[in-house]
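Listing of upload-v5.csv; format and content: CSV, C-alpha atoms.
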```csv
chain,number,residue,atom,x,y,z
C,251,MET,CA,9.7,9.8,23.5
C,252,SER,CA,12.0,7.3,25.2
C,253,LEU,CA,13.2,3.8,24.6
C,254,ARG,CA,10.5,2.4,26.9
C,255,HIS,CA,8.1,3.1,24.0
C,256,GLU,CA,10.0,0.8,21.8
C,257,TRP,CA,8.7,-2.4,23.3
C,258,PRO,CA,7.3,-3.6,20.0
C,259,LEU,CA,10.9,-3.9,18.8
C,260,VAL,CA,11.5,-6.5,21.5
C,261,PHE,CA,8.4,-8.4,20.6
C,262,SER,CA,9.2,-8.4,16.9
C,263,GLY,CA,12.8,-9.2,17.6
C,264,VAL,CA,11.8,-12.3,19.6
C,265,THR,CA,9.4,-13.3,16.9
C,266,VAL,CA,12.1,-13.0,14.2
C,267,GLY,CA,14.5,-15.1,16.3
C,268,ALA,CA,11.9,-17.8,17.0
C,269,PHE,CA,10.8,-18.2,13.4
C,270,LEU,CA,14.4,-18.1,12.0
C,271,ALA,CA,15.5,-20.8,14.4
C,272,PHE,CA,12.4,-23.0,14.5
C,273,SER,CA,10.5,-22.1,11.3
C,274,GLU,CA,9.8,-25.6,10.2
C,275,ALA,CA,8.4,-26.7,13.6
C,276,LEU,CA,6.3,-23.5,14.1
C,277,LEU,CA,4.8,-23.6,10.6
C,278,ALA,CA,4.1,-27.4,10.7
C,279,GLY,CA,0.7,-28.7,11.5
C,280,LEU,CA,-1.3,-25.8,10.2
C,281,ALA,CA,-4.1,-28.2,9.4
C,282,SER,CA,-5.1,-27.8,13.0
C,283,PRO,CA,-7.4,-24.7,13.2
C,284,TRP,CA,-6.1,-23.7,16.6
C,285,ARG,CA,-2.4,-23.9,15.5
C,286,PHE,CA,-3.2,-22.1,12.3
C,287,ALA,CA,-5.0,-19.3,14.2
C,288,LEU,CA,-2.2,-19.0,16.8
C,289,VAL,CA,0.7,-18.8,14.2
C,290,PHE,CA,-1.2,-16.4,12.0
C,291,ALA,CA,-2.2,-14.1,14.9
C,292,TRP,CA,1.4,-14.1,16.3
C,293,LEU,CA,2.9,-13.2,12.9
C,294,PHE,CA,0.2,-10.7,12.2
C,295,ALA,CA,0.6,-8.9,15.5
C,296,ALA,CA,4.4,-8.7,15.1
C,297,ILE,CA,4.2,-7.3,11.6
C,298,LEU,CA,1.4,-4.9,12.5
C,299,LEU,CA,3.1,-3.6,15.6
C,300,SER,CA,6.3,-3.1,13.7
C,301,ALA,CA,4.5,-1.3,10.9
C,302,PHE,CA,2.7,1.1,13.3
C,303,ALA,CA,6.0,1.8,15.1
C,304,ALA,CA,7.6,2.5,11.7
C,305,VAL,CA,4.8,5.0,11.0
C,306,ARG,CA,5.5,6.7,14.3
C,307,HIS,CA,9.2,7.2,13.5
C,308,ALA,CA,8.3,8.3,9.9
C,309,ASP,CA,6.1,11.0,11.5
C,310,GLY,CA,9.0,12.0,13.7
C,311,LEU,CA,11.1,12.4,10.5
C,312,ALA,CA,8.3,14.3,8.9
C,313,VAL,CA,8.4,16.9,11.7
C,314,LEU,CA,12.1,17.4,11.2
C,315,LEU,CA,12.2,17.3,7.4
C,316,GLY,CA,8.9,19.1,6.8
C,317,GLU,CA,6.3,18.5,4.1
C,318,PRO,CA,6.0,16.9,1.6
C,319,PHE,CA,9.0,14.9,2.7
C,320,GLY,CA,7.1,13.7,5.8
C,321,THR,CA,4.4,11.9,3.9
C,322,LEU,CA,6.9,10.8,1.3
C,323,VAL,CA,9.1,9.0,3.9
C,324,LEU,CA,6.0,7.3,5.3
C,325,THR,CA,4.8,6.3,1.9
C,326,LEU,CA,8.1,4.9,0.8
C,327,ALA,CA,8.6,3.0,4.1
C,328,ILE,CA,5.2,1.3,3.8
C,329,THR,CA,5.8,0.6,0.1
C,330,VAL,CA,9.1,-1.1,0.8
C,331,ILE,CA,7.2,-3.4,3.3
C,332,GLU,CA,4.5,-4.1,0.7
C,333,VAL,CA,7.0,-5.0,-2.1
C,334,THR,CA,8.9,-7.2,0.3
C,335,MET,CA,5.8,-9.1,1.4
C,336,ILE,CA,4.7,-9.6,-2.2
C,337,GLY,CA,8.1,-10.8,-3.2
C,338,ALA,CA,8.3,-13.2,-0.3
C,339,VAL,CA,4.8,-14.7,-1.0
C,340,MET,CA,5.7,-15.0,-4.7
C,341,LEU,CA,8.9,-16.8,-4.1
C,342,ALA,CA,7.1,-19.2,-1.7
C,343,GLY,CA,4.2,-19.8,-4.1
C,344,PRO,CA,3.7,-21.4,-7.5
C,345,GLU,CA,5.6,-20.7,-10.7
C,346,VAL,CA,2.7,-18.8,-12.2
C,347,SER,CA,1.7,-16.0,-9.8
C,348,SER,CA,-1.1,-13.5,-9.9
C,349,LEU,CA,-0.4,-12.2,-6.3
C,350,ALA,CA,1.2,-9.0,-7.5
C,351,ARG,CA,-1.8,-8.2,-9.7
C,352,ASP,CA,-4.3,-9.0,-7.0
C,353,THR,CA,-2.3,-6.9,-4.4
C,354,MET,CA,-1.9,-3.9,-6.6
C,355,PHE,CA,-5.6,-4.0,-7.6
C,356,ALA,CA,-6.5,-4.4,-3.9
C,357,VAL,CA,-4.3,-1.4,-3.0
C,358,ILE,CA,-6.1,0.8,-5.6
C,359,MET,CA,-9.5,-0.3,-4.4
C,360,ILE,CA,-8.7,-0.1,-0.6
C,361,VAL,CA,-7.0,3.3,-0.9
C,362,PHE,CA,-9.2,5.0,-3.5
C,363,ASN,CA,-12.5,3.6,-2.2
C,364,GLY,CA,-12.0,2.3,1.4
C,365,MET,CA,-9.4,4.7,2.9
C,366,ALA,CA,-10.3,7.8,0.8
C,367,GLY,CA,-14.0,7.2,1.3
C,368,LEU,CA,-13.6,6.9,5.1
C,369,ALA,CA,-11.4,10.0,5.3
C,370,LEU,CA,-13.7,12.1,3.1
C,371,LEU,CA,-16.7,10.9,5.1
C,372,VAL,CA,-15.4,11.6,8.6
C,373,GLY,CA,-13.9,14.9,7.5
C,374,GLY,CA,-17.1,15.9,5.8
C,375,LEU,CA,-19.2,15.0,8.9
C,376,ARG,CA,-16.9,17.1,11.1
C,377,TYR,CA,-16.1,20.1,8.9
C,378,HIS,CA,-18.9,19.9,6.2
C,379,GLU,CA,-16.4,20.8,3.5
C,380,GLN,CA,-12.6,20.5,3.3
C,381,THR,CA,-10.1,21.9,0.8
C,382,TYR,CA,-6.8,20.7,-0.7
C,383,ASN,CA,-4.3,21.7,-3.4
C,384,LEU,CA,-5.9,20.7,-6.7
C,385,GLN,CA,-2.6,20.8,-8.7
C,386,GLY,CA,-1.1,18.2,-6.4
C,387,ALA,CA,-4.0,15.8,-6.7
C,388,ASN,CA,-4.0,16.1,-10.5
C,389,ALA,CA,-0.2,15.4,-10.5
C,390,PHE,CA,-0.8,12.2,-8.6
C,391,LEU,CA,-3.7,11.1,-10.9
C,392,ALA,CA,-1.8,12.0,-14.1
C,393,VAL,CA,0.8,9.3,-13.2
C,394,ILE,CA,-1.5,6.7,-11.5
C,395,VAL,CA,-4.0,6.4,-14.3
C,396,PRO,CA,-1.7,5.5,-17.2
C,397,LEU,CA,0.4,3.1,-15.0
C,398,ALA,CA,-2.7,1.4,-13.7
C,399,VAL,CA,-4.1,0.9,-17.2
C,400,LEU,CA,-0.7,-0.2,-18.7
C,401,GLY,CA,0.0,-2.6,-15.9
C,402,LEU,CA,-3.4,-4.1,-15.1
C,403,VAL,CA,-5.5,-3.8,-18.3
C,404,VAL,CA,-3.1,-3.8,-21.4
C,405,PRO,CA,-1.7,-7.3,-20.6
C,406,ASN,CA,-5.1,-8.7,-21.5
C,407,PHE,CA,-4.9,-7.4,-25.0
C,408,THR,CA,-1.2,-8.0,-26.0
C,409,ALA,CA,-0.7,-10.8,-28.6
C,410,SER,CA,3.0,-11.4,-28.0
C,411,SER,CA,2.5,-13.6,-24.9
C,412,PRO,CA,-0.2,-16.0,-23.9
C,413,GLY,CA,-2.9,-15.0,-21.5
C,414,PRO,CA,-2.9,-11.9,-19.3
C,415,THR,CA,0.9,-11.6,-19.3
C,416,LEU,CA,3.5,-9.5,-21.1
C,417,SER,CA,6.4,-10.4,-23.3
C,418,THR,CA,10.0,-9.8,-22.0
C,419,LEU,CA,10.2,-6.7,-24.2
C,420,HIS,CA,6.9,-5.4,-22.8
C,421,GLU,CA,8.0,-6.2,-19.2
C,422,VAL,CA,11.3,-4.3,-19.6
C,423,MET,CA,9.4,-1.3,-21.2
C,424,LEU,CA,6.9,-1.3,-18.2
C,425,ILE,CA,9.8,-1.5,-15.7
C,426,VAL,CA,11.6,1.5,-17.3
C,427,MET,CA,8.4,3.5,-17.7
C,428,SER,CA,7.3,2.9,-14.1
C,429,LEU,CA,10.6,3.8,-12.5
C,430,GLY,CA,11.1,6.8,-14.9
C,431,LEU,CA,7.7,8.3,-14.3
C,432,TYR,CA,8.1,7.9,-10.5
C,433,ALA,CA,11.5,9.6,-10.7
C,434,VAL,CA,10.1,12.5,-12.6
C,435,PHE,CA,7.2,12.7,-10.1
C,436,LEU,CA,9.5,12.8,-7.1
C,437,THR,CA,11.5,15.6,-8.7
C,438,ILE,CA,8.2,17.6,-9.1
C,439,GLN,CA,7.1,16.7,-5.6
C,440,THR,CA,10.3,17.6,-3.7
C,441,LEU,CA,12.0,20.2,-5.9
C,442,ARG,CA,10.4,22.1,-8.8
C,443,HIS,CA,6.7,22.2,-7.7
C,444,ARG,CA,6.8,21.3,-4.0
C,445,HIS,CA,4.1,23.9,-3.4
C,446,TYR,CA,1.6,21.7,-5.3
C,447,PHE,CA,1.6,19.3,-2.3
C,448,LEU,CA,1.3,21.9,0.5
C,449,PRO,CA,-2.1,23.3,1.7
C,450,ALA,CA,-3.3,26.0,-0.7
C,451,ASP,CA,-3.8,28.4,2.3
C,452,GLU,CA,-0.2,28.0,3.5
C,453,VAL,CA,1.5,25.3,5.5
C,454,ILE,CA,-0.4,23.8,8.4
C,455,ASP,CA,1.4,21.8,11.1
C,456,ALA,CA,0.3,18.3,10.2
C,457,HIS,CA,2.2,16.7,13.1
C,458,ALA,CA,0.9,18.5,16.1
C,459,GLY,CA,1.5,16.3,19.2
C,460,VAL,CA,4.3,14.3,17.5
C,461,GLU,CA,7.5,14.4,19.6
C,462,ALA,CA,10.7,14.4,17.4
C,463,ARG,CA,14.2,13.8,18.6
C,464,SER,CA,16.8,13.7,15.8
C,465,VAL,CA,16.9,12.5,12.2
C,466,SER,CA,19.4,9.8,13.0
C,467,TYR,CA,17.4,8.5,15.9
C,468,HIS,CA,14.2,8.2,13.9
C,469,ALA,CA,15.9,6.9,10.8
C,470,LEU,CA,17.7,4.1,12.7
C,471,LEU,CA,14.6,3.0,14.5
C,472,LEU,CA,12.5,3.2,11.3
C,473,LEU,CA,15.0,0.8,9.7
C,474,ALA,CA,15.0,-1.4,12.8
C,475,TYR,CA,11.2,-1.8,12.6
C,476,ILE,CA,11.1,-2.4,8.8
C,477,VAL,CA,13.7,-5.3,9.1
C,478,PRO,CA,11.3,-7.6,11.2
C,479,VAL,CA,8.5,-6.9,8.7
C,480,VAL,CA,10.9,-7.9,5.8
C,481,VAL,CA,12.0,-11.1,7.6
C,482,LEU,CA,8.6,-12.1,8.8
C,483,ALA,CA,6.9,-11.4,5.4
C,484,LYS,CA,8.1,-14.8,4.1
C,485,GLN,CA,6.9,-16.5,7.2
C,486,ILE,CA,3.3,-15.2,7.1
C,487,ALA,CA,3.2,-16.1,3.4
C,488,VAL,CA,2.9,-19.7,4.5
C,489,PRO,CA,-0.3,-19.5,6.6
C,490,ILE,CA,-1.9,-17.0,4.1
C,491,ASP,CA,-1.3,-19.3,1.2
C,492,PHE,CA,-2.3,-22.4,3.2
C,493,GLY,CA,-5.5,-20.8,4.5
C,494,VAL,CA,-6.6,-19.6,1.0
C,495,ASN,CA,-6.0,-23.0,-0.5
C,496,VAL,CA,-7.5,-25.1,2.3
C,497,LEU,CA,-10.6,-23.0,2.7
C,498,GLY,CA,-11.2,-22.9,-1.0
C,499,ALA,CA,-11.2,-19.1,-0.8
C,500,PRO,CA,-10.7,-17.0,-3.9
C,501,GLN,CA,-7.0,-16.4,-4.8
C,502,ALA,CA,-7.7,-12.6,-4.8
C,503,LEU,CA,-8.3,-12.9,-1.1
C,504,ALA,CA,-4.5,-13.4,-0.5
C,505,GLY,CA,-3.8,-10.1,-2.3
C,506,PHE,CA,-6.5,-8.3,-0.3
C,507,LEU,CA,-5.1,-9.6,3.0
C,508,VAL,CA,-1.5,-8.5,2.1
C,509,ALA,CA,-2.7,-5.1,1.0
C,510,ALA,CA,-5.0,-4.6,4.0
C,511,LEU,CA,-2.2,-5.6,6.5
C,512,ILE,CA,0.3,-3.2,4.9
C,513,LEU,CA,-2.0,-0.3,4.4
C,514,SER,CA,-3.4,-0.3,8.0
C,515,PRO,CA,-0.9,2.3,9.3
C,516,GLU,CA,-1.4,4.7,6.4
C,517,SER,CA,-5.2,4.2,6.8
C,518,LEU,CA,-5.0,5.4,10.4
C,519,SER,CA,-2.7,8.3,9.5
C,520,SER,CA,-5.0,9.5,6.6
C,521,VAL,CA,-8.2,9.3,8.7
C,522,ARG,CA,-6.5,11.1,11.6
C,523,ALA,CA,-5.3,13.9,9.2
C,524,ALA,CA,-8.9,14.3,7.9
C,525,LEU,CA,-10.3,14.5,11.4
C,526,ALA,CA,-7.7,17.2,12.2
C,527,ASN,CA,-8.8,19.2,9.1
C,528,GLN,CA,-5.5,18.4,7.3
C,529,MET,CA,-7.0,17.1,4.0
C,530,GLN,CA,-3.9,17.9,2.1
C,531,ARG,CA,-1.8,15.6,4.2
C,532,SER,CA,-4.5,12.9,3.9
C,533,ILE,CA,-4.5,13.2,0.1
C,534,ASN,CA,-0.7,13.1,0.0
C,535,LEU,CA,-0.8,9.9,2.0
C,536,LEU,CA,-3.7,8.3,0.0
C,537,LEU,CA,-2.6,9.1,-3.5
C,538,GLY,CA,1.0,8.8,-2.7
C,539,SER,CA,0.6,5.2,-1.4
C,540,VAL,CA,-1.2,4.2,-4.6
C,541,LEU,CA,1.5,5.8,-6.8
C,542,ALA,CA,4.4,4.3,-4.9
C,543,SER,CA,2.8,0.9,-4.8
C,544,ILE,CA,2.2,0.8,-8.6
C,545,SER,CA,5.5,2.4,-9.6
C,546,LEU,CA,7.7,0.3,-7.4
C,547,THR,CA,5.7,-3.0,-7.2
C,548,ILE,CA,5.5,-3.5,-10.9
C,549,PRO,CA,9.2,-3.2,-11.5
C,550,ALA,CA,10.0,-5.4,-8.5
C,551,VAL,CA,7.7,-8.3,-9.4
C,552,LEU,CA,8.6,-8.2,-13.1
C,553,ALA,CA,12.3,-8.3,-12.1
C,554,ILE,CA,11.7,-11.3,-9.8
C,555,GLY,CA,9.8,-13.0,-12.6
C,556,LEU,CA,12.6,-12.4,-15.1
C,557,VAL,CA,15.4,-13.6,-12.7
C,558,THR,CA,13.6,-16.6,-11.4
C,559,ASP,CA,11.8,-17.5,-14.7
C,560,ARG,CA,8.4,-17.2,-13.1
C,561,THR,CA,5.3,-16.1,-15.0
C,562,VAL,CA,3.8,-12.9,-13.6
C,563,VAL,CA,0.1,-12.6,-14.4
C,564,LEU,CA,-0.9,-8.9,-14.5
C,565,GLY,CA,-4.1,-8.5,-16.5
C,566,LEU,CA,-7.3,-8.3,-14.6
C,567,ASP,CA,-10.4,-10.2,-15.5
C,568,ALA,CA,-13.5,-8.5,-17.0
C,569,ILE,CA,-15.3,-7.7,-13.7
C,570,ASP,CA,-12.1,-6.3,-12.0
C,571,THR,CA,-11.3,-4.3,-15.1
C,572,ILE,CA,-14.7,-2.6,-14.9
C,573,MET,CA,-14.2,-1.9,-11.2
C,574,LEU,CA,-10.8,-0.5,-11.9
C,575,VAL,CA,-12.1,1.9,-14.6
C,576,LEU,CA,-15.0,2.9,-12.4
C,577,THR,CA,-12.7,3.7,-9.5
C,578,LEU,CA,-10.3,5.7,-11.7
C,579,VAL,CA,-13.1,7.7,-13.3
C,580,LEU,CA,-14.8,8.3,-9.9
C,581,SER,CA,-11.5,9.4,-8.4
C,582,MET,CA,-10.9,11.9,-11.2
C,583,LEU,CA,-14.3,13.3,-10.5
C,584,THR,CA,-13.8,13.4,-6.7
C,585,PHE,CA,-10.4,15.2,-6.9
C,586,ALA,CA,-11.4,17.6,-9.6
C,587,SER,CA,-12.7,20.5,-7.6
C,588,GLY,CA,-10.3,21.1,-4.7
C,589,ARG,CA,-13.1,20.6,-2.2
C,590,THR,CA,-14.6,17.5,-0.5
C,591,ASN,CA,-17.8,16.6,1.2
C,592,VAL,CA,-19.8,13.7,2.8
C,593,LEU,CA,-21.4,12.6,-0.5
C,594,LEU,CA,-18.1,11.9,-2.1
C,595,GLY,CA,-17.0,9.8,0.8
C,596,ALA,CA,-20.2,7.8,0.9
C,597,VAL,CA,-20.0,7.0,-2.9
C,598,HIS,CA,-16.4,5.7,-2.5
C,599,LEU,CA,-17.3,3.5,0.5
C,600,LEU,CA,-20.2,1.9,-1.4
C,601,VAL,CA,-17.9,1.1,-4.3
C,602,PHE,CA,-15.5,-0.4,-1.8
C,603,LEU,CA,-18.3,-2.6,-0.4
C,604,ALA,CA,-19.2,-3.8,-3.9
C,605,TYR,CA,-15.5,-4.7,-4.4
C,606,VAL,CA,-15.4,-6.8,-1.3
C,607,VAL,CA,-18.6,-8.6,-2.2
C,608,LEU,CA,-17.2,-9.4,-5.7
C,609,ILE,CA,-14.1,-11.0,-4.2
C,610,PHE,CA,-16.2,-13.8,-2.8
C,611,GLU,CA,-19.0,-14.1,-5.3
C,612,ARG,CA,-18.9,-13.1,-9.0
```

Show this structure as C-alpha cells.
Amino acid sequence: MSLRHEWPLVFSGVTVGAFLAFSEALLAGLASPWRFALVFAWLFAAILLSAFAAVRHADGLAVLLGEPFGTLVLTLAITVIEVTMIGAVMLAGPEVSSLARDTMFAVIMIVFNGMAGLALLVGGLRYHEQTYNLQGANAFLAVIVPLAVLGLVVPNFTASSPGPTLSTLHEVMLIVMSLGLYAVFLTIQTLRHRHYFLPADEVIDAHAGVEARSVSYHALLLLAYIVPVVVLAKQIAVPIDFGVNVLGAPQALAGFLVAALILSPESLSSVRAALANQMQRSINLLLGSVLASISLTIPAVLAIGLVTDRTVVLGLDAIDTIMLVLTLVLSMLTFASGRTNVLLGAVHLLVFLAYVVLIFER
C-alpha cells in the first residue's frame, strides 16, 4: 500500500475546496436538470470515494488491532459519517424534521433486510450453510430491539408532547439510555465477553489480502477521509432536499438516500465476508452498524433539537411501525439458531423489496 493509492483524497480535497469557496455559485440553478445531476453526481462521488477509502484504512486497523476491534472501528467510522450527514441535513432543513427518524428506519430496513438478506443469500448459495456465534448475535439484538421500539414506536403513544414526538424529559431519558446501553455493550464486546463476537470454531483471518502498515498511518488517513465526508455532508443536503421537494417524492426518500449512501461501504464488506465464509465478521458488521446507528444517532439528533429548538419527529406511522416490528421479529428468528441458509436470505430480501415499494406508494 502506497500513497499513490490515496488519489481519492486529492479528489475529495479539491471538491471540499471548491464547495467551501464557491458554494453559493455551485449550488445555484439546481432547477436545471443537467446542473442538478452534475452537482449531485460530483458530491456523491466525492463522498462515496472517501467512504470506501475510509473502509480500506479501517480494515488496515482491523488487521493490526484484531477482532472484534476491526469491525468496531469500521462501524464507528461509518456511524460518525452517518450522524454528521443527518445533522447537516437537519440544520439545513425545516424547523420540524423527521429526517433522523426516516434515516434510522431506513438503516434498520436496509441492513436487516437488504444487506443481511444479500449476505445470507450469497453465502448460502456458495456454502449451503454457514455458522456464527449465537451469543454475539443475541447480544446485539438484546440492545437493538428495545432502543428501536423506544425511539421509533413509543413517541406515537406518549401524551406529554403533541404528535409523534417526545417531551424534553423523555428526550433526556432516551439520550441517557441510548448512550448508557451502548457503553455497556462496548464493554461486553471488547472486554468481558469478547469471545461472543469471534467465530465459534476459533479465530479466522477475516482480512486476508489486506495490507497493513502501522496504526498511526491508517488512523491518520482514516481521519483524513472522514473529514471530507463531514464537510461535504452539508453540501449534498441541498440537492437532496431540493430534489425531494421539486419532484414531489416522499420525504422518507431523503432518509433512504442518506442511509444507502453511508451504508454502501459496509454493504460491500459484509457481502465480501459472507462470500469468504466469514459469517461472524459479516454479522458483526451488519448488526453492529444498526446498533451504533440507533445508539449514537438518537442522542445526536435529540441534542441538536434541544440546542437549536427544533422539533425532532421520531414516531413512525402505522405502516412503517408494522414493517419495523416484522423486521425485528424476523431478525430474531433468523439469528436464533447459529446457522444460516438461502431461505433466510430470500425472505429478508423480499421484505426489503416490500419496504422500497411502500416508500413510493402506500

Worksheet item: From the set C:Val266, C:Val305, C:Met529, C:Leu368, which residue has the shortest atom-to-atom contact distance to C:Leu322, counting all atoms listed in the file?
Response: C:Val305

Discussion item. Just to confirm, what's the straight-line distance from atom CA of C:Val479 to atom CA of C:Leu546 in Å (one decimal)?
Written reply: 17.7 Å

Worksheet item: Closest to C:Ser411 among C:Ser587, C:Ser514, C:Asn495, C:Thr561, using only C-alpha atoms?
Response: C:Thr561

Fill in: Separation of atom CA of C:Ile609 from atom CA of C:Ser347, in Å and rounded to one decimal
17.5 Å

Fill in: Computed interatomic separation between atom CA of C:Ile486 and atom CA of C:Thr329 (Å)
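Atom CA of C:Ile486 sits 17.5 Å away from atom CA of C:Thr329.
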
What are the closest atom pairs, with distances in Å to one decimal, for all residues of stretch 480-531 of chain C lying within 10 Å of stretch 278-291 of chain C? Consider all atoms listed in the file, order rows by chain and residue number, and present the result as a tab-separated table.
```
residue	atom	partner	partner_atom	distance
C:Gln485	CA	C:Phe290	CA	9.4
C:Ile486	CA	C:Phe290	CA	6.8
C:Ala487	CA	C:Phe290	CA	9.7
C:Val488	CA	C:Phe290	CA	9.2
C:Pro489	CA	C:Phe290	CA	6.3
C:Ile490	CA	C:Phe290	CA	8.0
C:Phe492	CA	C:Leu280	CA	7.8
C:Gly493	CA	C:Phe286	CA	8.2
C:Val496	CA	C:Ala281	CA	8.5
```

Using only C-alpha atoms, what table do you get, as a Markdown table, when you list each residue of stretch 413-495 of chain C with an atom no more than 8 Å from stretch 400-408 of chain C, its nearest pair of atoms, and their distance in Å rounded to one decimal, rows by chain then rising number?
```
| residue | atom | partner | partner_atom | distance |
| --- | --- | --- | --- | --- |
| C:Gly413 | CA | C:Asn406 | CA | 6.7 |
| C:Pro414 | CA | C:Asn406 | CA | 4.5 |
| C:Thr415 | CA | C:Pro405 | CA | 5.2 |
| C:Leu416 | CA | C:Pro405 | CA | 5.7 |
| C:Leu424 | CA | C:Gly401 | CA | 7.4 |
```

Discussion item. The residues within 8 Å of (6.8, -10.8, -25.2), using only C-alpha atoms and the coordinates of the file, should be reported as a PyMOL selection string; which are they?
Written reply: chain C and resi 410-411+416-421

Discussion item. Considering all atoms listed in the file, can you say which of C:Leu600, C:Met359, C:Val477, C:Val313 comes closest to C:Ser300?
Written reply: C:Val477

Worksheet entry | Residue nearest C:Leu578 among C:Ala392, C:Leu436, C:Ala550, C:Ala469 (counting only C-alpha atoms) |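 The closest residue to C:Leu578 is C:Ala392.
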
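Take the candidates C:Asn527, C:Ser545, C:Asn363, C:Thr571 and check each one against C:Leu375 using all atoms listed in the file; the shortest distance goes to C:Asn527.
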
Worksheet item: How would you write as a ChimeraX atom specification the residues that get within 12 Å of (9.8, 2.2, -3.3) in the file's frame, counting only C-alpha atoms?
Response: /C:322-334,428-429,432-433,436,538-550

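Proximity of C:Met354, C:Met582, C:Met573, C:Val562 to C:Leu603, computed with all atoms listed in the file, is greatest for C:Met573.
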
Stretch 410-428 of chain C rebuilt with N, CA and C atoms, output as a PDB file, in the coordinates of the input:
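Final output, part_19.pdb:
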```pdb
ATOM      1  N   SER C 410       1.672 -10.861 -27.983  1.00  0.00           N
ATOM      2  CA  SER C 410       3.000 -11.400 -28.000  1.00  0.00           C
ATOM      3  C   SER C 410       3.295 -12.432 -26.924  1.00  0.00           C
ATOM      4  N   SER C 411       2.381 -12.587 -25.983  1.00  0.00           N
ATOM      5  CA  SER C 411       2.500 -13.600 -24.900  1.00  0.00           C
ATOM      6  C   SER C 411       1.160 -14.148 -24.583  1.00  0.00           C
ATOM      7  N   PRO C 412       1.099 -15.390 -24.105  1.00  0.00           N
ATOM      8  CA  PRO C 412      -0.200 -16.000 -23.900  1.00  0.00           C
ATOM      9  C   PRO C 412      -0.877 -15.495 -22.597  1.00  0.00           C
ATOM     10  N   GLY C 413      -2.192 -15.409 -22.649  1.00  0.00           N
ATOM     11  CA  GLY C 413      -2.900 -15.000 -21.500  1.00  0.00           C
ATOM     12  C   GLY C 413      -2.707 -13.577 -21.060  1.00  0.00           C
ATOM     13  N   PRO C 414      -3.100 -13.243 -19.831  1.00  0.00           N
ATOM     14  CA  PRO C 414      -2.900 -11.900 -19.300  1.00  0.00           C
ATOM     15  C   PRO C 414      -1.525 -11.583 -18.835  1.00  0.00           C
ATOM     16  N   THR C 415      -0.549 -11.822 -19.686  1.00  0.00           N
ATOM     17  CA  THR C 415       0.900 -11.600 -19.300  1.00  0.00           C
ATOM     18  C   THR C 415       1.497 -10.698 -20.386  1.00  0.00           C
ATOM     19  N   LEU C 416       2.751 -10.332 -20.130  1.00  0.00           N
ATOM     20  CA  LEU C 416       3.500  -9.500 -21.100  1.00  0.00           C
ATOM     21  C   LEU C 416       4.730 -10.231 -21.553  1.00  0.00           C
ATOM     22  N   SER C 417       5.167  -9.894 -22.749  1.00  0.00           N
ATOM     23  CA  SER C 417       6.400 -10.400 -23.300  1.00  0.00           C
ATOM     24  C   SER C 417       7.586  -9.809 -22.529  1.00  0.00           C
ATOM     25  N   THR C 418       8.765 -10.372 -22.710  1.00  0.00           N
ATOM     26  CA  THR C 418      10.000  -9.800 -22.000  1.00  0.00           C
ATOM     27  C   THR C 418      10.189  -8.375 -22.426  1.00  0.00           C
ATOM     28  N   LEU C 419      10.032  -8.057 -23.714  1.00  0.00           N
ATOM     29  CA  LEU C 419      10.200  -6.700 -24.200  1.00  0.00           C
ATOM     30  C   LEU C 419       9.214  -5.745 -23.505  1.00  0.00           C
ATOM     31  N   HIS C 420       7.956  -6.179 -23.439  1.00  0.00           N
ATOM     32  CA  HIS C 420       6.900  -5.400 -22.800  1.00  0.00           C
ATOM     33  C   HIS C 420       7.205  -5.187 -21.309  1.00  0.00           C
ATOM     34  N   GLU C 421       7.683  -6.254 -20.654  1.00  0.00           N
ATOM     35  CA  GLU C 421       8.000  -6.200 -19.200  1.00  0.00           C
ATOM     36  C   GLU C 421       9.121  -5.164 -18.979  1.00  0.00           C
ATOM     37  N   VAL C 422      10.163  -5.229 -19.788  1.00  0.00           N
ATOM     38  CA  VAL C 422      11.300  -4.300 -19.600  1.00  0.00           C
ATOM     39  C   VAL C 422      10.785  -2.843 -19.870  1.00  0.00           C
ATOM     40  N   MET C 423       9.951  -2.665 -20.896  1.00  0.00           N
ATOM     41  CA  MET C 423       9.400  -1.300 -21.200  1.00  0.00           C
ATOM     42  C   MET C 423       8.597  -0.825 -19.975  1.00  0.00           C
ATOM     43  N   LEU C 424       7.771  -1.689 -19.364  1.00  0.00           N
ATOM     44  CA  LEU C 424       6.900  -1.300 -18.200  1.00  0.00           C
ATOM     45  C   LEU C 424       7.800  -0.969 -17.008  1.00  0.00           C
ATOM     46  N   ILE C 425       8.863  -1.739 -16.799  1.00  0.00           N
ATOM     47  CA  ILE C 425       9.800  -1.500 -15.700  1.00  0.00           C
ATOM     48  C   ILE C 425      10.403  -0.081 -15.848  1.00  0.00           C
ATOM     49  N   VAL C 426      10.933   0.194 -17.033  1.00  0.00           N
ATOM     50  CA  VAL C 426      11.600   1.500 -17.300  1.00  0.00           C
ATOM     51  C   VAL C 426      10.577   2.624 -17.163  1.00  0.00           C
ATOM     52  N   MET C 427       9.381   2.428 -17.703  1.00  0.00           N
ATOM     53  CA  MET C 427       8.400   3.500 -17.700  1.00  0.00           C
ATOM     54  C   MET C 427       7.924   3.762 -16.223  1.00  0.00           C
ATOM     55  N   SER C 428       7.714   2.712 -15.441  1.00  0.00           N
ATOM     56  CA  SER C 428       7.300   2.900 -14.100  1.00  0.00           C
ATOM     57  C   SER C 428       8.298   3.642 -13.239  1.00  0.00           C
TER      58      SER C 428
END
```
